[in-house]
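**Student:** Got a structure for you, written out below as structure tokens; questions coming shortly.
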Amino acid sequence: MIAISYRREDSLPIAGRLYDRLQAKFGKNNVFMDFDSIPPGTDFREQIKQMIERSNLVIAIIGPHWFGERPDASRRIDNPADFVRLEITYALERGIPVIPVLVNNTPMPSPEKLPKEIEGLAFRNAVTLDTGIDFHHHADRLIAGIGKATGWAAAATTTQPAAKTGTEDVTKSHFDTDEQLKNAQVKEQRLKIAIVAAVIILAVMGGSVGWYFGLYKPASARKAGEERAATLRRESEAKAQQQRRQASELVTSGQLLLKAGKLDEALARAREALAKVASYPDAKALVNSVAEARKKAMAAQATKEHPYENSLGMKFVAVPETGVLFSIWETRVKDFATFVEGSGHQATGGMGSLGKEGWKHTGKTWKDPGFEQTGEHPVCGVSWEDATAFCEWLTKEERKSGRISTEQTYRLPSDLEWSAAVGLEKESGSTPEQRRAKVSDAEVYPWGSNWPPPSGAGNYAGSEARTGSWPPNWETIKGYRDNYPRTSPVGSFEANKYGIYDLGGNVWEWCQDWWEEQHYNRVIRGASWKNYDPVRTLSKYRAVFASWVRADDTGFRCVLAVVSSR
């Protein structure tokens, strides 16, 4: 059997199309797809394990959201009870062939981004599957690969010559006389009658036996089967009750440890309880309670007067109601350079720069954006993908060194977290697009409500911006000057009430969120050195970029967060 592993929110449409093709080629009973259509009350881990064990081959469909990313930067694939992770784990443990199928241009997951149990997936030879005009061509290539891996041929119907029965028509050419022919025909007729009689007798006997076993024997067999099922059901219920009692005891122990401030031990109890009873509500509540306690402890240790400092010298402070620590500075050139050197990440190519003819691609990079920068300036010319890679690298390095726990992670701030940091009131709307449209008419800037900005408000396009590369038809803020034609060293202007610098001006800052419900673009906040109009400099304003865009006025800052559940 061929099992198709996929994540619904990632690749359901393409999985359905492939399922239809494979059914047509290998037969309906030889292809299985819906692992998550498991009856309520059933241990889904056992169901998945049994289905994988029955499979000759597993197809792992990997799309752009295969990891199952969540808004809090956690990933479903990191959960030991995740369906997709279990499917791949069981297949690899049992040596069942796994073919990764990459949807469109999705890259193959690297080993370091996969849980340890399924790192082997990264070394499986993958095939691509286009959702467009190349779908059938790619599907045919995949089918050929399945045939080689399993030794199966596609289902086909062939017509074979009828086997001889010994009762073929007797022709006259075999005999010398009519008498011989007549005798042969008589023998042939008798043989046919004997065969028909034998068939009838066997049918009657078979019917009698079938009637006996169908009416009487199965009744006793059914009774025995029902008794066996009842016994297994009682045993299963007893085992479940025992596991629930054990989970309850673990949670009670964990709650006492939580009260004593032993967060790591309390979390270990909660996870042990979840291993016994998946999705146990009290255990999940304990996990979240530990996370909240960790957030409070973290916030208490990172104040404006005494910020938390990490291994790169980046400083972080707490922002009320967010549960995260904000970097007081935008990520600096020297921070990003350390990341590139340590990871080998390539963050060059396709950067847009501002010149006399406006904004266009000039071949510049973050290393040389077209104006002078030191290690203390904010890095610019980096994409959302570059910024996210930096956060993942920093998380990995500091967990390895023990500076942060496995429950802490560096990431980009969410749109709402950024709003809280800049001092906006609570906003409505489920996406940044909706929130920008619904914010009240109050004109609020990082410095207040007056325009133009007061002296020292931040690094915007004041009169100093009119250097040789400033477009002649672009305006500047009348009556304002900040003495920095392009970027300024981080912390050059006054910090806000939380101790955070440059939430207005210097460089635009990437946020974690998608801009819209369709997940096409990402959000940037805060304006930059090239902005001069009263709209884009508002604290509520959001600009929109695709995640791969690099621009000479766009950078990012990090937050240190606690992952509530994994």
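We name chains A, B, ... following the order of the structure tokens; residues begin at 1 in each chain, and ligands are numbered from 1 as shown.
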Could you list, as a PyMOL selection string, every residue within 9 Å of segment 458-465 of chain A, counting only C-alpha atoms and ignoring same-chain residues fewer than 6 positions away?

**Tutor:** chain A and resi 446-447+475-488+492-494+502-507+527-533+537

**Student:** Emit the selected residues as a PDB file, in the first residue's frame, including C-alpha atoms.

**Tutor:**
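The file below, selection_23.pdb, is the result:
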```
ATOM      1  CA  PRO A 446       6.189  58.260  18.218  1.00  0.00           C
ATOM      2  CA  TRP A 447       6.850  61.788  19.546  1.00  0.00           C
ATOM      3  CA  GLU A 475      10.398  66.416  -0.879  1.00  0.00           C
ATOM      4  CA  THR A 476      11.809  66.631   2.653  1.00  0.00           C
ATOM      5  CA  ILE A 477      10.160  67.622   5.936  1.00  0.00           C
ATOM      6  CA  LYS A 478       9.986  71.404   5.984  1.00  0.00           C
ATOM      7  CA  GLY A 479      11.527  72.909   9.075  1.00  0.00           C
ATOM      8  CA  TYR A 480      13.146  69.659  10.251  1.00  0.00           C
ATOM      9  CA  ARG A 481      16.764  68.557  10.306  1.00  0.00           C
ATOM     10  CA  ASP A 482      18.356  65.570  12.096  1.00  0.00           C
ATOM     11  CA  ASN A 483      21.932  65.724  10.713  1.00  0.00           C
ATOM     12  CA  TYR A 484      21.868  62.131   9.345  1.00  0.00           C
ATOM     13  CA  PRO A 485      21.354  62.048   5.533  1.00  0.00           C
ATOM     14  CA  ARG A 486      20.927  58.264   5.600  1.00  0.00           C
ATOM     15  CA  THR A 487      21.033  55.854   8.587  1.00  0.00           C
ATOM     16  CA  SER A 488      22.192  56.936  12.036  1.00  0.00           C
ATOM     17  CA  SER A 492      21.312  58.351  18.485  1.00  0.00           C
ATOM     18  CA  PHE A 493      17.927  59.782  19.519  1.00  0.00           C
ATOM     19  CA  GLU A 494      15.966  59.725  22.741  1.00  0.00           C
ATOM     20  CA  ASP A 502      14.211  54.293  16.837  1.00  0.00           C
ATOM     21  CA  LEU A 503      10.624  53.003  16.761  1.00  0.00           C
ATOM     22  CA  GLY A 504      10.180  55.964  14.448  1.00  0.00           C
ATOM     23  CA  GLY A 505      12.665  56.571  11.623  1.00  0.00           C
ATOM     24  CA  ASN A 506      16.149  55.236  10.817  1.00  0.00           C
ATOM     25  CA  VAL A 507      15.002  51.990   9.058  1.00  0.00           C
ATOM     26  CA  ALA A 527       9.198  54.560   8.713  1.00  0.00           C
ATOM     27  CA  SER A 528      12.820  55.350   7.789  1.00  0.00           C
ATOM     28  CA  TRP A 529      15.406  57.981   6.903  1.00  0.00           C
ATOM     29  CA  LYS A 530      13.782  58.530   3.496  1.00  0.00           C
ATOM     30  CA  ASN A 531      10.203  59.272   4.707  1.00  0.00           C
ATOM     31  CA  TYR A 532       8.959  62.852   4.801  1.00  0.00           C
ATOM     32  CA  ASP A 533       5.138  62.763   4.644  1.00  0.00           C
ATOM     33  CA  THR A 537       5.470  58.448   9.724  1.00  0.00           C
TER      34      THR A 537
END
```

**Student:** Just the residues within 9 Å of segment 553-557 of chain A, please, counting only C-alpha atoms, with nothing from its chain fewer than 3 positions along; format it as a compact mmCIF listing (two decimals) with C-alpha atoms, in the first residue's frame.

**Tutor:**
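Result file follows (part01.txt):
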```
# COMPACT_ATOMS: atom_id res chain seq x y z
CA PHE A 326 12.19 43.92 22.97
CA SER A 327 15.65 44.71 21.69
CA ILE A 328 16.20 48.36 22.56
CA TRP A 329 18.03 48.80 19.23
CA GLU A 330 17.45 47.79 15.67
CA THR A 331 19.74 44.87 14.78
CA ARG A 332 23.17 46.34 14.06
CA GLY A 352 16.71 48.15 -4.00
CA SER A 353 18.50 51.46 -3.45
CA LEU A 354 17.44 55.10 -3.56
CA PRO A 378 21.27 49.37 11.79
CA VAL A 379 21.72 46.68 9.17
CA CYS A 380 19.62 47.42 6.08
CA GLY A 381 19.07 45.75 2.74
CA VAL A 382 17.87 42.52 4.40
CA SER A 383 14.68 40.60 3.64
CA TRP A 384 12.10 39.12 6.02
CA ALA A 387 15.80 38.51 9.44
CA ARG A 411 11.98 36.04 16.64
CA LEU A 412 10.58 39.14 14.95
CA PRO A 413 7.92 41.05 16.90
CA ARG A 486 20.93 58.26 5.60
CA THR A 487 21.03 55.85 8.59
CA ASN A 506 16.15 55.24 10.82
CA VAL A 507 15.00 51.99 9.06
CA TRP A 508 11.67 50.26 8.51
CA GLU A 509 11.37 47.14 10.70
CA TRP A 510 10.07 43.73 9.60
CA CYS A 511 7.30 42.18 11.71
CA ILE A 524 7.07 46.61 8.02
CA ALA A 527 9.20 54.56 8.71
CA SER A 528 12.82 55.35 7.79
CA TRP A 529 15.41 57.98 6.90
CA LYS A 530 13.78 58.53 3.50
CA ARG A 550 15.62 43.77 0.21
```

**Student:** Which residues are close to segment 239-243 of chain A, i.e. within 9 Å by only C-alpha atoms, leaving aside same-chain residues fewer than 5 positions away? Reply as a PyMOL selection string.

**Tutor:** chain A and resi 234+248+273+276-277

**Student:** Could you save the residues just selected, with N, CA, C and O atoms, as a compact mmCIF listing (two decimals), in the first residue's frame?

**Tutor:**
```
# COMPACT_ATOMS: atom_id res chain seq x y z
N ARG A 234 -12.46 -3.63 27.64
CA ARG A 234 -12.30 -3.43 29.09
C ARG A 234 -10.83 -3.19 29.45
O ARG A 234 -10.52 -2.33 30.27
N SER A 248 -2.75 12.70 36.10
CA SER A 248 -3.26 13.61 37.12
C SER A 248 -2.27 13.79 38.25
O SER A 248 -2.04 14.91 38.75
N ALA A 273 3.09 14.02 31.60
CA ALA A 273 1.65 13.76 31.65
C ALA A 273 1.05 13.72 30.24
O ALA A 273 0.21 12.88 29.93
N LYS A 276 1.53 10.51 28.49
CA LYS A 276 0.61 9.43 28.91
C LYS A 276 -0.79 9.66 28.38
O LYS A 276 -1.47 8.71 27.97
N VAL A 277 -1.25 10.90 28.38
CA VAL A 277 -2.60 11.23 27.89
C VAL A 277 -2.45 12.43 26.96
O VAL A 277 -2.31 13.56 27.41
```

**Student:** As a ChimeraX atom specification, please: every residue in segment 327-421 of chain A that DSSP puts in helix (DSSP H, G or I).

**Tutor:** /A:333-343,384-401,415-421

**Student:** List the spatial neighbours of Glu417 of chain A as a PyMOL selection string - criterion: any atom at most 9 Å away, only C-alpha atoms, same-chain residues fewer than 6 positions off excluded.

**Tutor:** chain A and resi 319+321-324

**Student:** Rank A:Val422, A:Ile4, A:Ile143, A:Ala15 by their smallest atom-to-atom distance to Glu87 of chain A, using only C-alpha atoms, and report the top residue only.

**Tutor:**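 Distance minimum relative to Glu87 of chain A lands on A:Ile4.
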
**Student:** Using only C-alpha atoms, which of the listed residues (A:Gln373, A:Ser539, A:Thr89, A:Thr131) sits closest to Lys334 of chain A?

**Tutor:**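 Of A:Gln373, A:Ser539, A:Thr89, A:Thr131, the one nearest Lys334 of chain A, counting only C-alpha atoms, is A:Gln373.
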
**Student:** Among segment 325-557 of chain A, which ones does DSSP place in strand (DSSP E or B), written as a PyMOL selection string?

**Tutor:** chain A and resi 325-327+332+351-355+358-361+365+368+378+408-411+445+448+508-514+522-525+542-545+550-551+554-555

**Student:** Might you pull out every residue within 10 Å of Ser469 of chain A, with only C-alpha atoms counted and same-chain residues fewer than 3 positions away left off, and present them as a list in words?

**Tutor:**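 In the requested format, the answer is Ser353, Leu354, Gly355, Lys356, Glu357, Gly358, Gly370, Phe371, Ala465, Arg466 and Pro472 of chain A.
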
**Student:** Of the residues A:Asn473, A:Asn496, A:Glu443, A:Lys28, which is the one nearest to Ala457 of chain A, using only C-alpha atoms?

**Tutor:**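 Residue with the minimum atom-to-atom distance to Ala457 of chain A: A:Asn496.
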
**Student:** Pick out the closest residue to Ala126 of chain A from this set: A:Thr388, A:Leu142, A:Arg21, A:Gly526. Count only C-alpha atoms.

**Tutor:**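 Ranked by minimum distance to Ala126 of chain A, first place goes to A:Leu142.
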
**Student:** If we count only C-alpha atoms, what is near segment 111-113 of chain A at a cut-off of 12 Å, once residues fewer than 4 positions away on the same chain are taken out, given as a count of residues only?

**Tutor:** 18
